[in-house]
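Chemist: Structure in structure tokens, see below.
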Amino acid sequence: MKIYRLRYPDSINVPQLDASSLAIGFFDGVHKGHQEVIRSAKKVADDLSIKTAVMTFDPHPSQLFSGKNVGYITPIEEKIRVLESLGVDTLFIVCFDWELASLSPQSFIDIFIKKLGVKHVTAGFDFTFGSKGSGTMKDMQELSEDKYGTTIISKVTFDQDNKVSSTEIRQLLSKGDVEAAAELLGRPFRTMGEVIHGEKRGRQLGFPTANIQTAEEHIVPANGVYAVRCLIEDTWYKGVCNMGVKPTFHDPEHRIPTAEVHLLDVNMDLYGRKLAIEWLHRIRSERKFDSLDALKTQIGIDKQTAKDLLSD
């Protein structure tokens, strides 16, 4: 997959591009709704014998307008991985800043659609573009001058009429419901991070753990204990993970939640290495224990529960 990073107005020129069918949107999560947009764009590409392209934006528009962390479901590295797995040939990552946000719908189309050799544009029914989001997919078609076609994808739903959305997935993760989040994503929720030195309490308790540092702007599941699997280099390992503040040892009011992974049936030095965590099952909520013995007993139970859940 070829990747182009564009920034208006100083970095918008790219080498001669092949004609493409473009799926456009922010695509945080690349969930089932987003996948429907991308599959439709790919079908058009196959029918026209042209390339499949995706245009996404970085950072999230809401972050620019509100100045607040939106909690990314898919950091850009993960988004790239998922898009490539969906058969996307070309990815445009457009910097979303005030310069871009001030463009009129017509200027956006002239610069980011027509000049990029796009022959067809596919987006969700609620996609907007241009200054103050004033451009709709109806405008995308009306301003095309017959240089490209358009397809609008209706909302993808679950539980009868509930829209599959990044907001819904964030809410599920905030409750620790990683199983339901996976249903909407079409795959397990994944986070990535680097193993850092911790307090080594897990080792003292007989359950050595790897402390994972994730980026602050990326969402993580609610505090609790989970059955997970971890990708280290090219190998998957089963594990049990505590996400939280370790209230048995610390005042929760003054701690930032961190992930501590104990790999099942394997022991290795992971310091400084990067790994991906797939959150598969929630085992229990995080809680404070009256003694280290009680905590150690519960960790043993959690470990066995994780083994049972991951036995398939």
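Residue names in the structure tokens use chain letters A, B, ... in the order shown, residue numbers from 1 in each chain, and ligand numbers from 1 in the order shown.
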Mind checking which residues fall within 12 Å of A:Gln213, counting only C-alpha atoms, ignoring those fewer than 5 positions away in the same chain, and posting them as a list in words?
Modeler: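 Answer for this query is Thr191, Met192, Gly193, Glu194, Val195, Ile196, His197, Gly198, His218, Val220, Met243, Ile256, Pro257, Thr258, Ala259, Glu260, Val261, Tyr271, Gly272, Arg273, Lys274, Leu275, Ala276 and Ile277 of chain A.
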Chemist: Extract, using only C-alpha atoms, all DNA, RNA and protein residues at most 7 Å from A:Thr150, discarding same-chain residues fewer than 3 positions from it, and format them as a ChimeraX atom specification.
Modeler: /A:120-122,141
Chemist: Contacts of stretch 10-21 of chain A at 12 Å or less, counting only C-alpha atoms, minus same-chain residues fewer than 2 places along, as a PyMOL selection string?
Modeler: chain A and resi 2-8+23-24+37-55+88-95+99-100+108+110-123+147-151
Chemist: List every residue of stretch 37-265 of chain A that DSSP, applied to the backbone of this structure, assigns to strand (DSSP E or B), and report them as a PyMOL selection string.
Modeler: chain A and resi 51-58+72+90-95+118-124+129+135+149-153+157-158+162-163+189-196+210-213+218+224-232+235-244+258-263
Chemist: Just to confirm, what's the straight-line distance from atom CA of A:Val164 to atom CA of A:Leu185 in Å (one decimal)?
Modeler: 8.7 Å
Chemist: List every residue of stretch 87-154 of chain A that DSSP, applied to the backbone of this structure, places in alpha helix (DSSP H), and write the result as a PyMOL selection string.
Modeler: chain A and resi 98-101+105-112+137-142
Chemist: For the residues in the current selection, export all heavy atoms as a short mmCIF file (atom, residue, chain, number, x, y, z; two decimals), in the first residue's frame.
Modeler:
```cif
data_model
loop_
_atom_site.label_atom_id
_atom_site.label_comp_id
_atom_site.auth_asym_id
_atom_site.auth_seq_id
_atom_site.Cartn_x
_atom_site.Cartn_y
_atom_site.Cartn_z
N TRP A 98 -6.31 24.21 10.77
CA TRP A 98 -7.20 25.33 10.47
C TRP A 98 -7.18 25.73 9.01
O TRP A 98 -8.18 26.21 8.46
CB TRP A 98 -6.87 26.51 11.37
CG TRP A 98 -7.21 26.26 12.81
CD1 TRP A 98 -6.36 26.10 13.86
CD2 TRP A 98 -8.53 26.12 13.36
NE1 TRP A 98 -7.05 25.85 15.02
CE2 TRP A 98 -8.40 25.87 14.75
CE3 TRP A 98 -9.82 26.17 12.82
CZ2 TRP A 98 -9.49 25.67 15.59
CZ3 TRP A 98 -10.91 25.98 13.65
CH2 TRP A 98 -10.74 25.74 15.02
N GLU A 99 -6.04 25.54 8.36
CA GLU A 99 -5.96 25.85 6.93
C GLU A 99 -6.91 24.95 6.14
O GLU A 99 -7.66 25.41 5.28
CB GLU A 99 -4.52 25.65 6.43
CG GLU A 99 -3.51 26.62 7.01
CD GLU A 99 -3.55 27.97 6.30
OE1 GLU A 99 -4.37 28.15 5.39
OE2 GLU A 99 -2.75 28.85 6.68
N LEU A 100 -6.89 23.66 6.45
CA LEU A 100 -7.78 22.74 5.76
C LEU A 100 -9.23 23.02 6.12
O LEU A 100 -10.12 23.02 5.26
CB LEU A 100 -7.42 21.29 6.12
CG LEU A 100 -8.25 20.24 5.37
CD1 LEU A 100 -7.76 20.09 3.94
CD2 LEU A 100 -8.21 18.90 6.09
N ALA A 101 -9.47 23.27 7.41
CA ALA A 101 -10.84 23.48 7.88
C ALA A 101 -11.48 24.72 7.27
O ALA A 101 -12.71 24.84 7.28
CB ALA A 101 -10.85 23.58 9.41
N PRO A 105 -16.14 23.92 0.21
CA PRO A 105 -16.35 22.61 -0.40
C PRO A 105 -15.79 22.52 -1.81
O PRO A 105 -15.19 21.51 -2.18
CB PRO A 105 -17.87 22.46 -0.37
CG PRO A 105 -18.29 23.24 0.84
CD PRO A 105 -17.37 24.44 0.85
N GLN A 106 -15.98 23.57 -2.61
CA GLN A 106 -15.47 23.56 -3.97
C GLN A 106 -13.95 23.44 -3.99
O GLN A 106 -13.38 22.65 -4.77
CB GLN A 106 -15.89 24.84 -4.70
CG GLN A 106 -15.37 24.94 -6.14
CD GLN A 106 -16.05 23.96 -7.08
OE1 GLN A 106 -17.24 24.10 -7.35
NE2 GLN A 106 -15.30 22.97 -7.56
N SER A 107 -13.26 24.21 -3.15
CA SER A 107 -11.80 24.15 -3.11
C SER A 107 -11.33 22.79 -2.64
O SER A 107 -10.33 22.24 -3.15
CB SER A 107 -11.27 25.25 -2.18
OG SER A 107 -11.55 26.53 -2.69
N PHE A 108 -12.00 22.22 -1.64
CA PHE A 108 -11.62 20.88 -1.18
C PHE A 108 -11.71 19.87 -2.31
O PHE A 108 -10.79 19.06 -2.52
CB PHE A 108 -12.52 20.45 -0.02
CG PHE A 108 -12.18 19.09 0.52
CD1 PHE A 108 -11.24 18.94 1.53
CD2 PHE A 108 -12.79 17.95 0.01
CE1 PHE A 108 -10.90 17.69 2.01
CE2 PHE A 108 -12.45 16.68 0.48
CZ PHE A 108 -11.51 16.56 1.49
N ILE A 109 -12.79 19.91 -3.07
CA ILE A 109 -12.96 18.98 -4.19
C ILE A 109 -11.89 19.21 -5.25
O ILE A 109 -11.29 18.26 -5.77
CB ILE A 109 -14.37 19.12 -4.78
CG1 ILE A 109 -15.39 18.53 -3.81
CG2 ILE A 109 -14.46 18.44 -6.14
CD1 ILE A 109 -16.83 18.80 -4.20
N ASP A 110 -11.64 20.46 -5.59
CA ASP A 110 -10.63 20.76 -6.61
C ASP A 110 -9.26 20.23 -6.23
O ASP A 110 -8.54 19.68 -7.07
CB ASP A 110 -10.56 22.27 -6.84
CG ASP A 110 -11.78 22.84 -7.52
OD1 ASP A 110 -12.55 22.05 -8.12
OD2 ASP A 110 -11.99 24.07 -7.44
N ILE A 111 -8.89 20.39 -4.96
CA ILE A 111 -7.54 20.04 -4.51
C ILE A 111 -7.39 18.57 -4.15
O ILE A 111 -6.41 17.92 -4.53
CB ILE A 111 -7.15 20.92 -3.30
CG1 ILE A 111 -7.09 22.39 -3.72
CG2 ILE A 111 -5.81 20.48 -2.71
CD1 ILE A 111 -7.02 23.36 -2.56
N PHE A 112 -8.37 18.05 -3.43
CA PHE A 112 -8.20 16.71 -2.85
C PHE A 112 -8.98 15.60 -3.55
O PHE A 112 -8.84 14.44 -3.18
CB PHE A 112 -8.58 16.73 -1.36
CG PHE A 112 -7.62 17.52 -0.52
CD1 PHE A 112 -7.91 18.81 -0.13
CD2 PHE A 112 -6.39 16.98 -0.15
CE1 PHE A 112 -7.02 19.55 0.63
CE2 PHE A 112 -5.49 17.70 0.61
CZ PHE A 112 -5.80 19.00 1.00
N MET A 137 -22.44 14.91 0.76
CA MET A 137 -22.21 14.06 -0.40
C MET A 137 -23.08 14.48 -1.59
O MET A 137 -22.73 14.22 -2.74
CB MET A 137 -22.45 12.60 -0.03
CG MET A 137 -21.29 11.99 0.74
SD MET A 137 -19.72 12.03 -0.18
CE MET A 137 -20.03 10.79 -1.44
N LYS A 138 -24.19 15.15 -1.33
CA LYS A 138 -24.97 15.72 -2.42
C LYS A 138 -24.15 16.79 -3.14
O LYS A 138 -24.12 16.85 -4.38
CB LYS A 138 -26.27 16.32 -1.88
CG LYS A 138 -27.17 16.90 -2.96
CD LYS A 138 -28.46 17.48 -2.37
CE LYS A 138 -29.33 18.08 -3.47
NZ LYS A 138 -30.58 18.68 -2.93
N ASP A 139 -23.45 17.62 -2.35
CA ASP A 139 -22.57 18.63 -2.96
C ASP A 139 -21.41 17.97 -3.70
O ASP A 139 -20.99 18.44 -4.76
CB ASP A 139 -22.01 19.56 -1.88
CG ASP A 139 -23.10 20.34 -1.16
OD1 ASP A 139 -23.95 20.92 -1.85
OD2 ASP A 139 -23.10 20.35 0.09
N MET A 140 -20.90 16.87 -3.14
CA MET A 140 -19.80 16.16 -3.79
C MET A 140 -20.20 15.75 -5.21
O MET A 140 -19.40 15.87 -6.15
CB MET A 140 -19.43 14.91 -2.97
CG MET A 140 -18.26 14.12 -3.50
SD MET A 140 -16.64 14.91 -3.23
CE MET A 140 -16.40 14.63 -1.47
N GLN A 141 -21.45 15.29 -5.38
CA GLN A 141 -21.92 14.91 -6.71
C GLN A 141 -22.18 16.13 -7.59
O GLN A 141 -21.77 16.18 -8.74
CB GLN A 141 -23.19 14.07 -6.59
CG GLN A 141 -23.79 13.67 -7.93
CD GLN A 141 -22.82 12.89 -8.81
OE1 GLN A 141 -22.27 11.88 -8.37
NE2 GLN A 141 -22.57 13.37 -10.00
N GLU A 142 -22.85 17.13 -7.03
CA GLU A 142 -23.24 18.30 -7.83
C GLU A 142 -22.03 19.09 -8.32
O GLU A 142 -22.10 19.76 -9.36
CB GLU A 142 -24.17 19.18 -7.02
CG GLU A 142 -25.55 18.55 -6.78
CD GLU A 142 -26.45 19.43 -5.94
OE1 GLU A 142 -25.95 20.44 -5.37
OE2 GLU A 142 -27.66 19.11 -5.84
#
```
Chemist: Could you check which of A:Tyr226, A:Tyr237, A:Phe289, A:Gly124 is closest to A:Gln304, using only C-alpha atoms?
Modeler: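 Comparing A:Tyr226, A:Tyr237, A:Phe289, A:Gly124 against A:Gln304, the winner is A:Tyr226.
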Chemist: Hey, what's within 10 Å of A:Ile219 if we count only C-alpha atoms and toss same-chain stuff fewer than 6 positions away? As a CSV table (one decimal) with N, CA, C and O atoms, in the first residue's frame, please?
Modeler:
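The resulting selection.csv:
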```
chain,number,residue,atom,x,y,z
A,69,ASN,N,-8.9,15.8,24.0
A,69,ASN,CA,-8.5,14.4,23.5
A,69,ASN,C,-9.8,13.6,23.2
A,69,ASN,O,-10.6,13.5,24.1
A,70,VAL,N,-9.9,13.1,22.0
A,70,VAL,CA,-11.1,12.4,21.7
A,70,VAL,C,-11.0,10.9,22.0
A,70,VAL,O,-12.1,10.2,22.1
A,71,GLY,N,-9.8,10.4,22.3
A,71,GLY,CA,-9.7,9.0,22.6
A,71,GLY,C,-9.7,8.2,21.3
A,71,GLY,O,-10.7,7.6,20.9
A,72,TYR,N,-8.6,8.1,20.6
A,72,TYR,CA,-8.5,7.3,19.4
A,72,TYR,C,-8.7,5.8,19.6
A,72,TYR,O,-8.1,5.3,20.5
A,73,ILE,N,-9.5,5.2,18.8
A,73,ILE,CA,-9.7,3.8,18.8
A,73,ILE,C,-8.5,3.1,18.1
A,73,ILE,O,-8.0,2.1,18.5
A,74,THR,N,-8.2,3.7,16.9
A,74,THR,CA,-7.1,3.2,16.1
A,74,THR,C,-6.0,4.2,15.9
A,74,THR,O,-6.3,5.2,15.2
A,75,PRO,N,-4.9,4.1,16.6
A,75,PRO,CA,-3.8,5.0,16.2
A,75,PRO,C,-3.4,4.8,14.8
A,75,PRO,O,-3.8,3.8,14.2
A,170,ARG,N,-16.4,3.5,21.7
A,170,ARG,CA,-15.8,4.2,22.8
A,170,ARG,C,-16.6,4.0,24.1
A,170,ARG,O,-16.0,3.7,25.2
A,173,LEU,N,-16.1,0.4,25.3
A,173,LEU,CA,-14.7,0.2,25.9
A,173,LEU,C,-14.7,0.9,27.3
A,173,LEU,O,-14.0,0.4,28.2
A,174,SER,N,-15.4,2.0,27.4
A,174,SER,CA,-15.4,2.7,28.7
A,174,SER,C,-16.0,1.9,29.8
A,174,SER,O,-15.8,2.1,31.0
A,191,THR,N,-4.6,-2.5,21.3
A,191,THR,CA,-3.8,-1.4,21.6
A,191,THR,C,-2.3,-1.8,21.5
A,191,THR,O,-1.9,-2.9,21.4
```
Chemist: Atom CA of A:Val225 to atom CA of A:Ser165: how many Å, to one decimal?
Modeler: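 Those two atoms sit 25.4 Å apart.
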Chemist: Quick one: residues within 6 Å of stretch 262-265 of chain A, only C-alpha atoms counted, chain neighbours fewer than 2 positions away excluded, as a PyMOL selection string?
Modeler: chain A and resi 209+238-240
